[in-house]
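Trainee: Next up, work.cif (mmCIF, C-alpha atoms and all ligand atoms).
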```cif
data_protein
#
loop_
_atom_site.label_atom_id
_atom_site.label_comp_id
_atom_site.auth_asym_id
_atom_site.auth_seq_id
_atom_site.Cartn_x
_atom_site.Cartn_y
_atom_site.Cartn_z
CA MET A 91 -21.04 10.86 64.02
CA SER A 92 -23.61 13.49 65.06
CA GLY A 93 -23.81 16.95 63.51
CA THR A 94 -20.68 18.14 65.32
CA VAL A 95 -17.01 17.28 64.80
CA ARG A 96 -14.93 17.67 67.97
CA TRP A 97 -11.30 18.60 67.27
CA GLY A 98 -8.21 18.05 69.38
CA VAL A 99 -5.08 20.05 68.51
CA LEU A 100 -1.73 18.29 68.98
CA ALA A 101 1.16 20.80 69.45
CA THR A 102 1.03 24.50 70.18
CA GLY A 103 3.41 26.08 67.65
CA GLY A 104 2.91 28.56 64.83
CA ILE A 105 0.65 26.61 62.50
CA ALA A 106 -1.37 25.08 65.35
CA ALA A 107 -2.38 28.61 66.34
CA THR A 108 -3.18 29.69 62.78
CA PHE A 109 -5.26 26.60 62.07
CA THR A 110 -7.11 26.79 65.39
CA GLY A 111 -7.93 30.46 64.73
CA ASP A 112 -9.47 29.56 61.36
CA LEU A 113 -11.31 26.58 62.81
CA LEU A 114 -12.86 28.68 65.57
CA ALA A 115 -13.86 31.39 63.11
CA MET A 116 -15.85 28.91 61.04
CA LYS A 117 -19.13 29.63 62.75
CA ASP A 118 -21.94 27.12 62.18
CA SER A 119 -19.58 24.73 60.34
CA GLY A 120 -20.17 21.84 62.72
CA ALA A 121 -16.59 22.06 64.08
CA GLU A 122 -15.66 22.57 67.73
CA VAL A 123 -12.18 22.65 69.31
CA VAL A 124 -12.44 20.79 72.61
CA ALA A 125 -8.88 19.87 73.63
CA VAL A 126 -5.21 20.63 73.06
CA ALA A 127 -2.02 18.71 73.87
CA SER A 128 1.57 19.85 74.13
CA ARG A 129 4.81 18.35 75.41
CA THR A 130 4.30 20.50 78.51
CA VAL A 131 1.08 21.13 80.36
CA ALA A 132 1.99 24.82 80.78
CA SER A 133 2.14 25.34 77.04
CA ALA A 134 -1.11 23.41 76.54
CA LYS A 135 -2.84 25.53 79.18
CA ALA A 136 -1.55 28.79 77.68
CA PHE A 137 -2.85 27.71 74.24
CA ALA A 138 -6.19 26.61 75.74
CA ASP A 139 -6.57 29.97 77.52
CA ARG A 140 -5.72 31.87 74.35
CA PHE A 141 -8.35 30.06 72.26
CA GLY A 142 -10.94 29.23 74.91
CA ILE A 143 -10.37 25.47 74.67
CA GLU A 144 -11.84 23.36 77.46
CA ARG A 145 -9.21 20.65 78.06
CA ALA A 146 -5.40 21.00 78.07
CA TYR A 147 -3.00 18.03 78.27
CA GLY A 148 0.75 17.79 78.85
CA THR A 149 1.04 14.54 76.88
CA TRP A 150 -0.12 13.47 73.44
CA ALA A 151 -1.41 10.17 74.86
CA GLU A 152 -3.97 11.96 77.03
CA LEU A 153 -5.35 13.75 73.99
CA ALA A 154 -5.49 10.49 72.05
CA ALA A 155 -7.39 8.87 74.92
CA ASP A 156 -9.93 11.72 75.26
CA GLU A 157 -13.29 10.17 74.39
CA GLY A 158 -14.72 13.58 73.61
CA VAL A 159 -12.33 14.09 70.68
CA ASP A 160 -13.28 12.86 67.18
CA VAL A 161 -10.34 14.12 65.13
CA VAL A 162 -6.79 15.08 66.01
CA TYR A 163 -4.94 17.80 64.10
CA VAL A 164 -1.19 17.00 64.18
CA ALA A 165 0.92 20.19 64.02
CA THR A 166 4.33 19.03 65.27
CA PRO A 167 7.53 19.19 63.17
CA HIS A 168 7.48 16.55 60.40
CA SER A 169 9.75 14.26 62.42
CA ALA A 170 6.96 13.67 64.94
CA HIS A 171 4.07 13.25 62.47
CA ARG A 172 4.45 9.46 62.28
CA GLU A 173 4.48 9.04 66.05
CA ALA A 174 1.76 11.58 66.87
CA ALA A 175 -0.63 10.61 64.09
CA GLY A 176 0.02 6.92 64.80
CA LEU A 177 -0.80 7.40 68.46
CA ALA A 178 -4.08 9.10 67.59
CA LEU A 179 -5.06 6.47 65.01
CA GLU A 180 -4.19 3.62 67.42
CA ALA A 181 -6.55 5.25 69.92
CA GLY A 182 -9.36 5.34 67.34
CA LYS A 183 -9.15 9.00 66.36
CA HIS A 184 -9.45 10.41 62.86
CA VAL A 185 -6.41 12.48 61.87
CA LEU A 186 -5.54 15.58 59.88
CA CYS A 187 -1.71 15.65 59.71
CA GLU A 188 0.36 18.66 58.68
CA LYS A 189 2.53 18.63 55.57
CA ALA A 190 5.02 17.28 54.76
CA PHE A 191 2.91 14.22 55.59
CA THR A 192 5.90 12.46 57.24
CA LEU A 193 9.68 12.35 56.88
CA ASN A 194 9.64 9.73 54.14
CA GLU A 195 7.28 7.51 52.16
CA ARG A 196 7.74 4.53 54.46
CA GLU A 197 6.39 6.44 57.44
CA ALA A 198 3.49 7.80 55.37
CA ARG A 199 2.59 4.31 54.14
CA GLU A 200 2.57 3.02 57.72
CA LEU A 201 0.05 5.71 58.67
CA VAL A 202 -2.13 5.04 55.63
CA GLU A 203 -2.14 1.30 56.37
CA LEU A 204 -3.01 1.94 60.00
CA ALA A 205 -5.90 4.25 59.11
CA ARG A 206 -7.25 1.76 56.59
CA GLN A 207 -6.96 -1.16 59.02
CA ARG A 208 -8.83 0.80 61.68
CA GLY A 209 -11.43 2.27 59.31
CA LEU A 210 -10.42 5.82 60.27
CA PHE A 211 -10.18 9.06 58.32
CA LEU A 212 -6.67 10.31 57.53
CA MET A 213 -5.63 13.32 55.46
CA GLU A 214 -2.43 15.26 54.83
CA ALA A 215 -3.06 18.95 55.59
CA MET A 216 -2.30 19.98 52.01
CA TRP A 217 -4.57 23.01 52.29
CA THR A 218 -3.66 24.13 48.74
CA TYR A 219 -5.70 21.24 47.33
CA CYS A 220 -8.79 22.48 49.21
CA ASN A 221 -8.45 26.09 48.02
CA PRO A 222 -11.40 27.10 45.78
CA LEU A 223 -9.18 28.72 43.15
CA ILE A 224 -6.93 25.69 42.90
CA ARG A 225 -10.03 23.55 42.50
CA ARG A 226 -11.32 25.90 39.77
CA MET A 227 -7.94 25.75 38.01
CA THR A 228 -7.85 21.95 38.00
CA GLU A 229 -11.41 21.88 36.61
CA LEU A 230 -10.39 24.23 33.80
CA VAL A 231 -7.33 22.13 33.00
CA ARG A 232 -9.35 18.90 33.07
CA ASP A 233 -11.93 20.50 30.77
CA GLY A 234 -9.17 21.21 28.26
CA ALA A 235 -9.03 25.01 28.69
CA ILE A 236 -5.26 25.09 28.01
CA GLY A 237 -4.94 21.84 26.04
CA GLU A 238 -2.41 19.20 27.03
CA ILE A 239 -0.01 20.23 29.78
CA ARG A 240 3.57 20.69 28.64
CA THR A 241 5.26 22.52 31.51
CA VAL A 242 4.56 23.33 35.15
CA GLN A 243 6.69 25.92 36.95
CA ALA A 244 6.35 26.64 40.66
CA ASP A 245 8.56 27.87 43.47
CA PHE A 246 8.38 28.65 47.15
CA GLY A 247 11.17 30.23 49.14
CA PHE A 248 12.08 32.92 51.58
CA ALA A 249 15.36 34.17 52.96
CA GLY A 250 15.02 33.39 56.64
CA THR A 251 17.52 33.88 59.42
CA PHE A 252 17.33 30.40 60.79
CA GLY A 253 20.06 29.66 63.33
CA ALA A 254 21.55 26.19 63.60
CA GLU A 255 19.14 25.50 66.52
CA HIS A 256 16.01 26.12 64.39
CA ARG A 257 13.93 23.08 63.36
CA LEU A 258 14.48 24.02 59.70
CA ARG A 259 18.21 23.41 60.14
CA ASP A 260 17.93 20.19 62.15
CA PRO A 261 18.11 16.90 60.19
CA ALA A 262 16.53 15.05 63.14
CA LEU A 263 13.42 17.27 62.80
CA GLY A 264 13.23 16.87 59.01
CA GLY A 265 14.82 20.26 58.41
CA GLY A 266 15.51 21.92 55.09
CA ALA A 267 13.55 23.77 52.43
CA LEU A 268 12.18 20.68 50.71
CA LEU A 269 9.80 19.25 53.31
CA ASP A 270 8.53 22.62 54.54
CA LEU A 271 8.32 24.54 51.26
CA GLY A 272 9.29 22.28 48.35
CA VAL A 273 6.35 20.04 49.18
CA TYR A 274 4.06 22.76 47.74
CA PRO A 275 5.50 23.02 44.23
CA VAL A 276 5.81 19.22 44.09
CA SER A 277 2.20 18.77 45.23
CA PHE A 278 1.06 21.43 42.75
CA ALA A 279 2.76 19.67 39.83
CA GLN A 280 1.50 16.25 40.90
CA LEU A 281 -2.07 17.51 41.34
CA LEU A 282 -2.01 18.22 37.61
CA LEU A 283 0.25 15.50 36.24
CA GLY A 284 0.36 12.71 38.82
CA GLU A 285 3.54 10.98 39.93
CA PRO A 286 6.52 11.78 37.71
CA ASP A 287 8.42 9.11 35.81
CA ARG A 288 11.76 10.85 36.30
CA VAL A 289 13.17 13.04 39.09
CA GLN A 290 16.33 15.17 38.88
CA ALA A 291 17.50 17.66 41.47
CA ASP A 292 20.39 19.75 42.72
CA ALA A 293 20.75 21.59 46.03
CA LEU A 294 22.89 23.71 48.29
CA LEU A 295 23.21 21.90 51.63
CA SER A 296 23.83 23.40 55.07
CA PRO A 297 26.72 22.28 57.28
CA GLU A 298 24.13 20.16 59.15
CA GLY A 299 23.22 18.42 55.89
CA VAL A 300 19.74 19.84 55.22
CA ASP A 301 18.83 21.47 51.88
CA LEU A 302 18.89 25.27 51.84
CA ASN A 303 18.18 25.90 48.17
CA THR A 304 16.86 23.19 45.86
CA GLY A 305 16.02 22.95 42.16
CA MET A 306 13.97 20.05 40.77
CA LEU A 307 13.21 18.85 37.28
CA LEU A 308 10.44 16.28 37.04
CA GLY A 309 9.56 14.44 33.85
CA TRP A 310 6.58 12.41 32.64
CA GLU A 311 6.31 9.88 29.81
CA SER A 312 3.80 12.23 28.13
CA GLY A 313 6.68 14.64 27.57
CA ALA A 314 5.46 17.04 30.26
CA THR A 315 8.06 18.56 32.55
CA ALA A 316 7.97 20.49 35.83
CA LEU A 317 10.62 22.98 36.90
CA LEU A 318 10.31 23.52 40.63
CA SER A 319 12.37 25.18 43.31
CA CYS A 320 12.38 25.90 47.02
CA SER A 321 14.66 27.81 49.34
CA ILE A 322 15.16 29.01 52.87
CA VAL A 323 17.97 31.32 51.79
CA GLY A 324 16.30 33.17 48.90
CA ASP A 325 13.08 35.16 48.49
CA LEU A 326 11.58 33.25 45.58
CA PRO A 327 8.52 34.83 43.95
CA THR A 328 6.08 31.99 44.95
CA THR A 329 4.61 32.07 41.47
CA ALA A 330 3.34 29.15 39.41
CA SER A 331 2.48 28.64 35.76
CA VAL A 332 0.85 25.79 33.93
CA THR A 333 1.54 25.87 30.21
CA GLY A 334 -0.44 23.73 27.82
CA THR A 335 -0.71 23.25 24.07
CA ALA A 336 -3.63 25.72 23.96
CA GLY A 337 -2.89 28.30 26.64
CA ARG A 338 -1.38 29.04 30.03
CA ILE A 339 -2.52 29.67 33.59
CA ASP A 340 -0.39 32.00 35.72
CA PHE A 341 -0.54 32.38 39.49
CA PRO A 342 1.08 35.79 39.99
CA GLN A 343 1.82 35.27 43.67
CA GLY A 344 1.30 32.88 46.59
CA PHE A 345 0.22 29.98 44.36
CA PHE A 346 -0.13 27.71 47.40
CA HIS A 347 -3.08 29.79 48.69
CA PRO A 348 -3.95 31.97 45.71
CA GLU A 349 -6.33 34.89 45.53
CA SER A 350 -6.29 35.03 41.75
CA PHE A 351 -4.97 33.45 38.59
CA VAL A 352 -4.83 34.55 34.98
CA LEU A 353 -5.93 32.38 32.08
CA HIS A 354 -4.12 33.17 28.82
CA ARG A 355 -5.47 31.76 25.58
CA PRO A 356 -4.30 32.61 22.08
CA GLY A 357 -6.48 35.23 20.38
CA ARG A 358 -8.34 36.14 23.57
CA GLU A 359 -7.92 38.76 26.25
CA PRO A 360 -6.28 37.37 29.43
CA GLU A 361 -8.97 36.36 31.90
CA THR A 362 -8.40 36.99 35.62
CA VAL A 363 -10.19 34.60 37.97
CA VAL A 364 -10.51 35.72 41.60
CA THR A 365 -11.87 34.21 44.80
CA GLY A 366 -15.24 35.47 45.89
CA PRO A 367 -15.33 37.46 49.14
CA GLY A 368 -14.56 35.08 52.01
CA PRO A 369 -14.64 35.59 55.77
CA GLN A 370 -12.34 38.42 56.85
CA GLY A 371 -9.16 37.75 58.81
CA LEU A 372 -8.81 34.04 58.05
CA SER A 373 -5.61 32.42 56.82
CA GLY A 374 -7.01 30.10 54.18
CA MET A 375 -6.93 27.00 56.37
CA GLN A 376 -10.70 27.11 56.76
CA TYR A 377 -11.10 25.27 53.45
CA GLU A 378 -9.18 22.20 54.61
CA ALA A 379 -10.88 22.33 58.01
CA ALA A 380 -14.26 22.48 56.26
CA GLU A 381 -13.31 19.57 54.00
CA VAL A 382 -12.33 17.37 56.95
CA THR A 383 -15.48 18.31 58.84
CA ARG A 384 -17.61 17.60 55.75
CA ALA A 385 -15.92 14.25 55.10
CA LEU A 386 -16.28 13.12 58.71
CA LEU A 387 -19.95 14.07 58.89
CA ALA A 388 -20.47 12.15 55.63
CA GLY A 389 -18.70 9.10 57.10
CA GLU A 390 -15.87 9.19 54.54
CA LYS A 391 -12.46 7.72 55.37
CA GLU A 392 -10.49 9.78 52.89
CA SER A 393 -10.95 13.14 51.23
CA PRO A 394 -11.45 13.13 47.46
CA LEU A 395 -9.63 16.50 47.42
CA VAL A 396 -6.48 15.20 49.15
CA PRO A 397 -6.36 11.47 48.35
CA LEU A 398 -3.93 9.36 50.34
CA GLU A 399 -2.39 7.81 47.22
CA GLY A 400 -1.54 11.34 46.08
CA SER A 401 0.16 12.12 49.38
CA LEU A 402 2.16 8.87 49.14
CA ALA A 403 3.20 9.74 45.59
CA VAL A 404 4.39 13.18 46.74
CA MET A 405 6.41 11.55 49.53
CA ARG A 406 8.07 9.24 46.97
CA THR A 407 9.10 12.28 44.92
CA LEU A 408 10.45 14.06 48.00
CA ASP A 409 12.40 10.91 48.88
CA ALA A 410 13.81 10.80 45.34
CA VAL A 411 14.83 14.48 45.48
CA ARG A 412 16.56 13.95 48.83
CA ASP A 413 18.30 10.92 47.39
CA ARG A 414 19.56 12.94 44.40
CA VAL A 415 20.89 15.83 46.54
CA GLY A 416 22.22 13.73 49.42
CA VAL A 417 19.92 14.72 52.30
CA ARG A 418 19.43 11.86 54.77
CA TYR A 419 17.43 12.05 57.99
CA PRO A 420 18.24 9.83 60.96
CA ALA A 421 14.74 8.32 60.68
CA ASP A 422 15.45 7.10 57.13
CA VAL A 423 17.45 4.30 58.69
CA ARG A 424 15.19 2.87 61.35
CA ALA A 425 16.54 0.32 63.75
N1 LIG A 501 0.00 24.40 56.34
C1 LIG A 501 0.84 25.41 56.44
O1 LIG A 501 0.70 26.46 55.86
C2 LIG A 501 2.01 25.26 57.35
C3 LIG A 501 2.73 26.38 57.74
C4 LIG A 501 3.77 26.21 58.61
C5 LIG A 501 4.11 24.94 59.04
N2 LIG A 501 3.41 23.87 58.62
C6 LIG A 501 3.76 22.52 59.07
O2 LIG A 501 3.35 22.38 60.42
C7 LIG A 501 4.33 21.67 61.16
C8 LIG A 501 4.76 22.53 62.34
O3 LIG A 501 5.29 23.74 61.85
P1 LIG A 501 5.30 25.08 62.73
O4 LIG A 501 5.75 26.14 61.81
O5 LIG A 501 4.01 25.24 63.45
O6 LIG A 501 6.47 24.72 63.71
P2 LIG A 501 6.74 25.35 65.17
O7 LIG A 501 6.19 26.73 65.25
O8 LIG A 501 8.15 25.09 65.45
O9 LIG A 501 5.81 24.44 66.12
C9 LIG A 501 5.94 23.06 66.20
C10 LIG A 501 5.39 22.61 67.53
O10 LIG A 501 5.50 21.20 67.58
C11 LIG A 501 5.74 20.79 68.92
N3 LIG A 501 6.87 19.88 68.96
C12 LIG A 501 6.81 18.56 69.17
N4 LIG A 501 8.00 17.98 69.11
C13 LIG A 501 8.86 18.96 68.87
C14 LIG A 501 10.28 18.99 68.74
N5 LIG A 501 11.02 17.89 68.84
N6 LIG A 501 10.85 20.18 68.50
C15 LIG A 501 10.10 21.29 68.39
N7 LIG A 501 8.75 21.31 68.52
C16 LIG A 501 8.15 20.15 68.75
C17 LIG A 501 5.94 22.06 69.73
O11 LIG A 501 4.72 22.26 70.42
P3 LIG A 501 4.63 21.93 71.98
O12 LIG A 501 5.66 22.79 72.62
O13 LIG A 501 3.24 22.27 72.30
O14 LIG A 501 4.93 20.48 72.15
C18 LIG A 501 6.14 23.15 68.71
O15 LIG A 501 5.62 24.38 69.14
C19 LIG A 501 5.45 21.30 60.18
O16 LIG A 501 5.24 19.99 59.73
C20 LIG A 501 5.27 22.30 59.06
O17 LIG A 501 5.65 21.83 57.76
C21 LIG A 501 2.36 24.00 57.81
#
```
I'd like the structure from this file rewritten - as structure tokens, please.
Ligand SMILES: NC(=O)c1ccc[n+]([C@@H]2O[C@H](COP(=O)([O-])OP(=O)(O)OC[C@H]3O[C@@H](n4cnc5c(N)ncnc54)[C@H](OP(=O)(O)O)[C@@H]3O)[C@@H](O)[C@H]2O)c1

Mentor:
Amino acid sequence: MSGTVRWGVLATGGIAATFTGDLLAMKDSGAEVVAVASRTVASAKAFADRFGIERAYGTWAELAADEGVDVVYVATPHSAHREAAGLALEAGKHVLCEKAFTLNEREARELVELARQRGLFLMEAMWTYCNPLIRRMTELVRDGAIGEIRTVQADFGFAGTFGAEHRLRDPALGGGALLDLGVYPVSFAQLLLGEPDRVQADALLSPEGVDLNTGMLLGWESGATALLSCSIVGDLPTTASVTGTAGRIDFPQGFFHPESFVLHRPGREPETVVTGPGPQGLSGMQYEAAEVTRALLAGEKESPLVPLEGSLAVMRTLDAVRDRVGVRYPADVRA
């Protein structure tokens, strides 16, 4: 690949716009946005006009076939990640696919196998893992700054007014709090501790059968535990804490894209670690966009920051939580 990575955006919803805005603001990064696809050509054209994108398609297949696109960013509801990312990979495109990676681990494994067979780059858009403060925190933990991890706490929830027609309430679209929000606390805990040995959970389900409010307790053979929760009916604080045998790290808010954390160690003053000044007006997605661009220009097939085995392990935990609380998606049983 030359010194430029040409992006195609697949879907024109909320996160597609946020991500594209960050991508375009990354001046001199080597990234260009050259095409967009939607289920309707009108929506693709409106998105292209808004962001100054050259080519607009009314089908995903046209984007996948565009020879001027190197990497496709999949921003559909989770239920379409398998199909859309698969289409792009089959057509020889690298893929960045929104979280939750897919509806279940089987679909995620199919994508990983396809990317590996084709020698293509694939990454779950777990932007948290690319955030500089999260990277600093994991370095500190790995260097023993808080000793051996005993407990991880993390939550993500907001009280939305999602009608029964909203994708978050629709089992066919992978609705519920877990795949949209719970994926963050689970990914946070697994970044530090790896795949859990035990998964327990309880949830309030909607009449449609998606989870509205979910509590999880993960356990590891080391004795470490993680207490995690997610909700679309409660304004959770979005805090996280990592407690070890020799200290604790607190994320006071928005742990999934933090601006600061506090390191507590016995006998020392608490130490606040903050992000350096970054570009104004960006949403925090620039770090994952930069990581994909870097990896592609380096010829890598997988990001060391968001490894595919880690994404598969998160999907297995999400599957286990759904199993415990009784949330089934139509795609879980494939004909
Ligand atoms: N990284 C983050 O911070 C973050 C934040 C929010 C969401 N997400 C993830 O991004 C994905 C999309 O979320 P979103 O909030 O952007 O959703 P959204 O606003 O509802 O947009 C999703 C888009 O997907 C397309 N689409 C394709 N098939 C669809 C279907 N059957 N029903 C509805 N839309 C369909 C639509 O675009 P067209 O009309 O152009 O086809 C729609 O605008 C989800 O997987 C979500 O978890 C990530």

Trainee: Extract, using only C-alpha atoms, all DNA, RNA and protein residues at most 7 Å from Arg145 (chain A), discarding same-chain residues fewer than 3 positions from it, and format them as a PyMOL selection string.

Mentor: chain A and resi 124-126

Trainee: Please tabulate, as a Markdown table, the residues of chain A that come within 6 Å of ligand LIG 501 (chain A), each with its closest pair of atoms and the distance in Å to one decimal, counting all atoms listed in the file and ordering rows by chain, then residue number upward.

Mentor:
```
| residue | atom | partner | partner_atom | distance |
| --- | --- | --- | --- | --- |
| A:Ala101 | CA | A:LIG501 | O13 | 3.8 |
| A:Thr102 | CA | A:LIG501 | O13 | 3.8 |
| A:Gly103 | CA | A:LIG501 | O15 | 3.2 |
| A:Gly104 | CA | A:LIG501 | O5 | 3.8 |
| A:Ile105 | CA | A:LIG501 | O5 | 3.8 |
| A:Ala106 | CA | A:LIG501 | O5 | 5.7 |
| A:Ser128 | CA | A:LIG501 | O13 | 3.5 |
| A:Arg129 | CA | A:LIG501 | O14 | 3.9 |
| A:Ser133 | CA | A:LIG501 | O13 | 5.8 |
| A:Ala165 | CA | A:LIG501 | C7 | 4.7 |
| A:Thr166 | CA | A:LIG501 | O10 | 3.4 |
| A:Pro167 | CA | A:LIG501 | O16 | 4.2 |
| A:His168 | CA | A:LIG501 | O16 | 4.2 |
| A:Glu188 | CA | A:LIG501 | O2 | 5.1 |
| A:Lys189 | CA | A:LIG501 | O17 | 5.0 |
| A:Ala190 | CA | A:LIG501 | O17 | 5.5 |
| A:Asp270 | CA | A:LIG501 | O17 | 4.4 |
```

Trainee: Rank nothing, just name the residue among A:Arg96, A:Arg225, A:Lys135, A:His256 nearest to Gly148 (chain A), using only C-alpha atoms.

Mentor: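 Ranking A:Arg96, A:Arg225, A:Lys135, A:His256 by distance to Gly148 (chain A), first place goes to A:Lys135.
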
Trainee: Taking into account all atoms listed in the file, which residue in the set A:Thr192, A:Ser169, A:Thr328, A:Ser393 is nearest to Gly265 (chain A)?

Mentor: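 The answer is A:Ser169, which sits nearest to Gly265 (chain A).
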
Trainee: Could you give me, as a count of residues only, the residues within 12 Å of His171 (chain A), counting all atoms listed in the file and dropping anything in the same chain fewer than 3 positions from it?

Mentor: 36

Trainee: Just checking: using all atoms listed in the file, which residue out of A:Ala244, A:Leu271, A:Leu210, A:Ile339 ends up closest to Leu258 (chain A)?

Mentor: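 Nearest to Leu258 (chain A): A:Leu271.
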
Trainee: Using all atoms listed in the file, can you tell me which of A:Ala132, A:Ala127, A:Val411, A:Val231 comes closest to Cys320 (chain A)?

Mentor: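 Of all the options, A:Val411 lies closest to Cys320 (chain A).
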
Trainee: Have a look at CA of Thr94 (chain A) and CA of Asp118 (chain A) and let me know their distance in Å, one decimal.

Mentor: 9.6 Å

Trainee: From the set A:Asp409, A:Glu361, A:Glu298, A:Asp340, which residue has the shortest atom-to-atom contact distance to Leu268 (chain A), counting all atoms listed in the file?

Mentor: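 Result for the nearest residue to Leu268 (chain A): A:Asp409.
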
Trainee: Could you check which of A:Lys183, A:Ala121, A:Val323, A:Leu223 is closest to Val363 (chain A), using all atoms listed in the file?

Mentor: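 Using all atoms listed in the file, Val363 (chain A) sits closest to A:Leu223.
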
Trainee: What does the distance from CA of Ala151 (chain A) to CA of Glu392 (chain A) come to in Å, to one decimal?

Mentor: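 Distance reported for this atom pair: 23.8 Å.
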
Trainee: Would you give the centre and edge lengths, in Å to one decimal, of a box along x, y and z around the listed atoms of region 324-330 of chain A, with 4 Å added to each side, as AutoDock Vina command-line options?

Mentor:
```
--center_x 9.8 --center_y 32.2 --center_z 44.2 --size_x 21.0 --size_y 14.0 --size_z 17.5
```

Trainee: Just the number, please: distance in Å from CA of Ala403 (chain A) to CA of Gly272 (chain A), one decimal.

Mentor: 14.2 Å

Trainee: Within 8 Å of (-8.0, 16.2, 37.4) in the file's own coordinates, which protein, DNA or RNA residues have an atom, counting only C-alpha atoms? List them as a PDB file with C-alpha atoms, in the frame of the given file.

Mentor:
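In the end it all went to out33.pdb:
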```
ATOM      1  CA  THR A 228      -7.850  21.950  38.000  1.00  0.00           C
ATOM      2  CA  GLU A 229     -11.410  21.880  36.610  1.00  0.00           C
ATOM      3  CA  VAL A 231      -7.330  22.130  33.000  1.00  0.00           C
ATOM      4  CA  ARG A 232      -9.350  18.900  33.070  1.00  0.00           C
ATOM      5  CA  LEU A 281      -2.070  17.510  41.340  1.00  0.00           C
ATOM      6  CA  LEU A 282      -2.010  18.220  37.610  1.00  0.00           C
TER       7      LEU A 282
END
```

Trainee: Could region 333-338 of chain A be completed with all heavy atoms and returned as a PDB file, in the frame of the given file?

Mentor:
```pdb
ATOM      1  N   THR A 333       1.589  25.572  31.640  1.00  0.00           N
ATOM      2  CA  THR A 333       1.540  25.870  30.210  1.00  0.00           C
ATOM      3  C   THR A 333       1.093  24.636  29.445  1.00  0.00           C
ATOM      4  O   THR A 333       1.649  23.549  29.632  1.00  0.00           O
ATOM      5  CB  THR A 333       2.938  26.316  29.711  1.00  0.00           C
ATOM      6  OG1 THR A 333       3.354  27.430  30.497  1.00  0.00           O
ATOM      7  CG2 THR A 333       2.896  26.711  28.247  1.00  0.00           C
ATOM      8  N   GLY A 334       0.077  24.839  28.614  1.00  0.00           N
ATOM      9  CA  GLY A 334      -0.440  23.730  27.820  1.00  0.00           C
ATOM     10  C   GLY A 334      -0.327  24.028  26.342  1.00  0.00           C
ATOM     11  O   GLY A 334       0.151  25.091  25.929  1.00  0.00           O
ATOM     12  N   THR A 335      -0.795  23.078  25.527  1.00  0.00           N
ATOM     13  CA  THR A 335      -0.710  23.250  24.070  1.00  0.00           C
ATOM     14  C   THR A 335      -1.663  24.324  23.581  1.00  0.00           C
ATOM     15  O   THR A 335      -1.534  24.803  22.458  1.00  0.00           O
ATOM     16  CB  THR A 335      -1.050  21.913  23.379  1.00  0.00           C
ATOM     17  OG1 THR A 335      -2.263  21.405  23.976  1.00  0.00           O
ATOM     18  CG2 THR A 335       0.057  20.896  23.564  1.00  0.00           C
ATOM     19  N   ALA A 336      -2.637  24.738  24.423  1.00  0.00           N
ATOM     20  CA  ALA A 336      -3.630  25.720  23.960  1.00  0.00           C
ATOM     21  C   ALA A 336      -3.788  26.884  24.938  1.00  0.00           C
ATOM     22  O   ALA A 336      -4.838  27.539  24.947  1.00  0.00           O
ATOM     23  CB  ALA A 336      -4.985  25.016  23.756  1.00  0.00           C
ATOM     24  N   GLY A 337      -2.771  27.151  25.730  1.00  0.00           N
ATOM     25  CA  GLY A 337      -2.890  28.300  26.640  1.00  0.00           C
ATOM     26  C   GLY A 337      -2.048  28.123  27.881  1.00  0.00           C
ATOM     27  O   GLY A 337      -1.271  27.158  28.004  1.00  0.00           O
ATOM     28  N   ARG A 338      -2.201  29.067  28.808  1.00  0.00           N
ATOM     29  CA  ARG A 338      -1.380  29.040  30.030  1.00  0.00           C
ATOM     30  C   ARG A 338      -2.168  29.625  31.182  1.00  0.00           C
ATOM     31  O   ARG A 338      -2.979  30.547  31.000  1.00  0.00           O
ATOM     32  CB  ARG A 338      -0.126  29.883  29.791  1.00  0.00           C
ATOM     33  CG  ARG A 338       0.927  29.719  30.863  1.00  0.00           C
ATOM     34  CD  ARG A 338       2.163  30.540  30.564  1.00  0.00           C
ATOM     35  NE  ARG A 338       1.955  31.942  30.916  1.00  0.00           N
ATOM     36  CZ  ARG A 338       2.053  32.957  30.069  1.00  0.00           C
ATOM     37  NH1 ARG A 338       2.367  32.739  28.805  1.00  0.00           N
ATOM     38  NH2 ARG A 338       1.832  34.185  30.467  1.00  0.00           N
TER      39      ARG A 338
END
```
